[in-house]
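Peer 1: Structure incoming, see below.
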Amino acid sequence: MGILSQFSANSNLKSGKKLLESAMKAQGEEADRLFKQACSKFELVVNGGTKVLEGLHQWGLALHGHAKIHEGPDAEKLFSGAYSKYGAAMVIEPKNHEVLNDWGATMMDQARMLRADRNHVLYQQAKEKFLAAEEFWPGISAYNLACIACLQNDLKGCEEQLNAAFERGNLPPVDEIRNDADLANINQSEWFQEFLDSMTARK
């Protein structure tokens, strides 16, 4: 029975991840359908009692992605569902840095969709998640913390976090950083251009 449960969990996780990957690339009704199917697979994992932590984490990520293609109450409900899954995962493993980082990233995306003020509670809560993740795995949330610092006009803090992210190898590609709307406040600054040039040179 244990072997069968393990096999079923692995199979559903694999299928769910493939569906989620496809959903992220799809649009409209097709994306909606794929996100729902991915969530159903992760729900099976959780209900099966094996690999529950990973199932909850992936379920939260799927709900996050699904929320981003909706608006208003529908999006809010999906975001709330994602937070619920992350919270349940953290009960199982309170020091899981990956869940904490993704939880914070989900909050940032909701704040962006709401066009929230830079001091909105969602940004404050996201920062708390990122700082908690950093305690368990330094560097994992440094880039996200740099983005929040920049949004809040803490340019020194932004620079420090970008450097920390680079040293830990946790930065997106250079072009993605260059075009990140969260970093608009520093995009034309001399030190930011030097940082990007340094990244390119060192790579």
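A note on labels: chains of the structure tokens are A, B, ... as shown, every chain counts residues from 1, and ligands are counted from 1 in their shown order.
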Pick out the residues sitting within 10 Å of A:Glu167, and hand them over as a PyMOL selection string; count only C-alpha atoms, and ignore anything fewer than 5 positions along from it in its own chain.
Peer 2: chain A and resi 139+161-162
Peer 1: Generate the output file for the selected residues, C-alpha atoms, as a tab-separated table (two decimals), in the first residue's frame.
Peer 2:
chain	number	residue	atom	x	y	z
A	139	GLY	CA	20.08	34.92	-0.81
A	161	GLN	CA	20.07	43.20	-1.91
A	162	LEU	CA	20.96	43.08	-5.61
Peer 1: Could you give me the residues within stretch 14-185 of chain A that DSSP places in helix (DSSP H, G or I), as a ChimeraX atom specification?
Peer 2: /A:14-25,28-48,52-67,72-92,97-113,121-136,142-151,155-167,174-178,181-185
Peer 1: Could you take the residues named above and write them with C-alpha atoms, as a compact mmCIF listing (two decimals), in the first residue's frame?
Peer 2:
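The result, stored in result_28.txt:
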# COMPACT_ATOMS: atom_id res chain seq x y z
CA LYS A 14 4.54 14.84 -12.44
CA SER A 15 1.25 15.26 -14.31
CA GLY A 16 0.33 18.33 -12.27
CA LYS A 17 3.65 20.03 -12.95
CA LYS A 18 3.33 19.39 -16.69
CA LEU A 19 -0.19 20.78 -16.69
CA LEU A 20 0.97 23.82 -14.73
CA GLU A 21 3.83 24.43 -17.14
CA SER A 22 1.41 24.25 -20.07
CA ALA A 23 -1.09 26.52 -18.31
CA MET A 24 1.56 29.20 -17.83
CA LYS A 25 2.10 29.29 -21.59
CA GLY A 28 -7.90 32.34 -22.21
CA GLU A 29 -10.16 29.35 -21.69
CA GLU A 30 -7.34 26.91 -22.42
CA ALA A 31 -5.21 28.36 -19.63
CA ASP A 32 -8.17 28.33 -17.27
CA ARG A 33 -8.83 24.66 -18.01
CA LEU A 34 -5.19 23.65 -17.57
CA PHE A 35 -4.82 25.49 -14.26
CA LYS A 36 -7.91 23.72 -12.93
CA GLN A 37 -6.57 20.34 -14.05
CA ALA A 38 -3.21 21.03 -12.42
CA CYS A 39 -4.92 21.96 -9.16
CA SER A 40 -6.93 18.73 -9.30
CA LYS A 41 -3.73 16.69 -9.60
CA PHE A 42 -2.12 18.43 -6.64
CA GLU A 43 -5.31 17.98 -4.63
CA LEU A 44 -5.07 14.24 -5.27
CA VAL A 45 -1.50 14.27 -3.96
CA VAL A 46 -2.51 16.06 -0.77
CA ASN A 47 -5.55 13.86 -0.18
CA GLY A 48 -3.43 10.76 -0.79
CA VAL A 52 1.73 16.33 1.09
CA LEU A 53 4.22 19.18 1.55
CA GLU A 54 5.17 19.24 -2.12
CA GLY A 55 1.56 18.80 -3.14
CA LEU A 56 0.50 21.82 -1.10
CA HIS A 57 3.38 23.90 -2.39
CA GLN A 58 2.64 23.11 -6.02
CA TRP A 59 -1.08 23.60 -5.46
CA GLY A 60 -0.33 27.07 -4.09
CA LEU A 61 1.79 27.88 -7.15
CA ALA A 62 -0.99 26.69 -9.47
CA LEU A 63 -3.57 28.84 -7.69
CA HIS A 64 -1.17 31.77 -7.91
CA GLY A 65 -0.80 31.33 -11.66
CA HIS A 66 -4.54 30.88 -12.07
CA ALA A 67 -5.23 34.08 -10.11
CA GLY A 72 -11.75 41.09 -9.12
CA PRO A 73 -13.37 38.61 -6.70
CA ASP A 74 -12.33 35.60 -8.78
CA ALA A 75 -8.66 36.56 -8.58
CA GLU A 76 -8.96 37.42 -4.89
CA LYS A 77 -10.46 33.99 -4.15
CA LEU A 78 -7.64 32.22 -6.01
CA PHE A 79 -4.95 34.28 -4.28
CA SER A 80 -6.57 33.49 -0.93
CA GLY A 81 -6.54 29.80 -1.83
CA ALA A 82 -2.83 29.99 -2.64
CA TYR A 83 -2.07 31.57 0.73
CA SER A 84 -4.06 28.82 2.43
CA LYS A 85 -1.98 26.11 0.72
CA TYR A 86 1.31 27.83 1.56
CA GLY A 87 0.19 28.19 5.17
CA ALA A 88 -0.70 24.51 5.40
CA ALA A 89 2.69 23.60 3.91
CA MET A 90 4.47 25.73 6.51
CA VAL A 91 2.66 23.87 9.30
CA ILE A 92 4.34 20.71 8.02
CA HIS A 97 12.49 28.72 2.58
CA GLU A 98 11.09 27.89 -0.85
CA VAL A 99 7.48 28.04 0.30
CA LEU A 100 8.13 31.30 2.16
CA ASN A 101 9.75 32.84 -0.90
CA ASP A 102 6.90 31.77 -3.20
CA TRP A 103 4.34 32.97 -0.67
CA GLY A 104 5.94 36.42 -0.70
CA ALA A 105 6.17 36.43 -4.50
CA THR A 106 2.46 35.61 -4.72
CA MET A 107 1.66 38.56 -2.45
CA MET A 108 3.77 40.85 -4.63
CA ASP A 109 1.90 39.75 -7.74
CA GLN A 110 -1.44 40.40 -6.09
CA ALA A 111 -0.23 43.86 -5.06
CA ARG A 112 0.84 44.57 -8.65
CA MET A 113 -2.52 43.43 -10.01
CA VAL A 121 -0.07 45.79 3.48
CA LEU A 122 0.58 43.16 0.79
CA TYR A 123 4.06 44.55 0.18
CA GLN A 124 4.72 44.65 3.92
CA GLN A 125 3.57 41.06 4.33
CA ALA A 126 5.58 39.94 1.33
CA LYS A 127 8.68 41.54 2.81
CA GLU A 128 8.09 39.63 6.05
CA LYS A 129 7.92 36.34 4.12
CA PHE A 130 11.10 37.15 2.21
CA LEU A 131 13.00 38.08 5.36
CA ALA A 132 11.86 34.85 7.01
CA ALA A 133 13.04 32.86 3.97
CA GLU A 134 16.40 34.64 4.12
CA GLU A 135 16.90 33.44 7.69
CA PHE A 136 16.79 29.83 6.53
CA ALA A 142 17.38 38.89 -2.01
CA TYR A 143 16.19 39.88 -5.48
CA ASN A 144 12.58 40.16 -4.32
CA LEU A 145 13.73 42.25 -1.36
CA ALA A 146 15.65 44.47 -3.77
CA CYS A 147 12.46 45.03 -5.76
CA ILE A 148 10.47 45.99 -2.66
CA ALA A 149 13.28 48.28 -1.48
CA CYS A 150 13.30 50.01 -4.86
CA LEU A 151 9.51 50.42 -4.88
CA LEU A 155 17.83 52.74 -3.04
CA LYS A 156 20.72 51.79 -0.78
CA GLY A 157 18.82 48.76 0.45
CA CYS A 158 18.01 47.86 -3.14
CA GLU A 159 21.68 47.97 -4.12
CA GLU A 160 22.68 45.84 -1.13
CA GLN A 161 20.07 43.20 -1.91
CA LEU A 162 20.96 43.08 -5.61
CA ASN A 163 24.60 42.51 -4.70
CA ALA A 164 23.59 39.81 -2.21
CA ALA A 165 21.45 38.09 -4.84
CA PHE A 166 24.32 38.17 -7.31
CA GLU A 167 26.82 36.76 -4.83
CA VAL A 174 20.21 40.43 -17.16
CA ASP A 175 17.54 41.46 -19.68
CA GLU A 176 14.78 40.56 -17.23
CA ILE A 177 16.41 42.68 -14.52
CA ARG A 178 16.93 45.57 -16.94
CA ALA A 181 9.14 47.49 -13.66
CA ASP A 182 9.80 47.12 -9.94
CA LEU A 183 13.28 48.54 -10.52
CA ALA A 184 12.12 51.55 -12.51
CA ASN A 185 13.34 53.96 -9.81
Peer 1: One decimal, Å: what's the distance from atom CA of A:Asn153 over to atom CA of A:Ser189, could you say?
Peer 2: 13.0 Å
Peer 1: For a test of reading the model, state the distance in Å between atom CA of A:Ser198 and atom CA of A:Gln152, rounded to one decimal.
Peer 2: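 A separation of 24.8 Å between them.
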Peer 1: Rounded to one decimal, what separation in Å do you get between atom CA of A:Ile186 and atom CA of A:Pro138?
Peer 2: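 Going from atom CA of A:Ile186 over to atom CA of A:Pro138, I get 23.7 Å.
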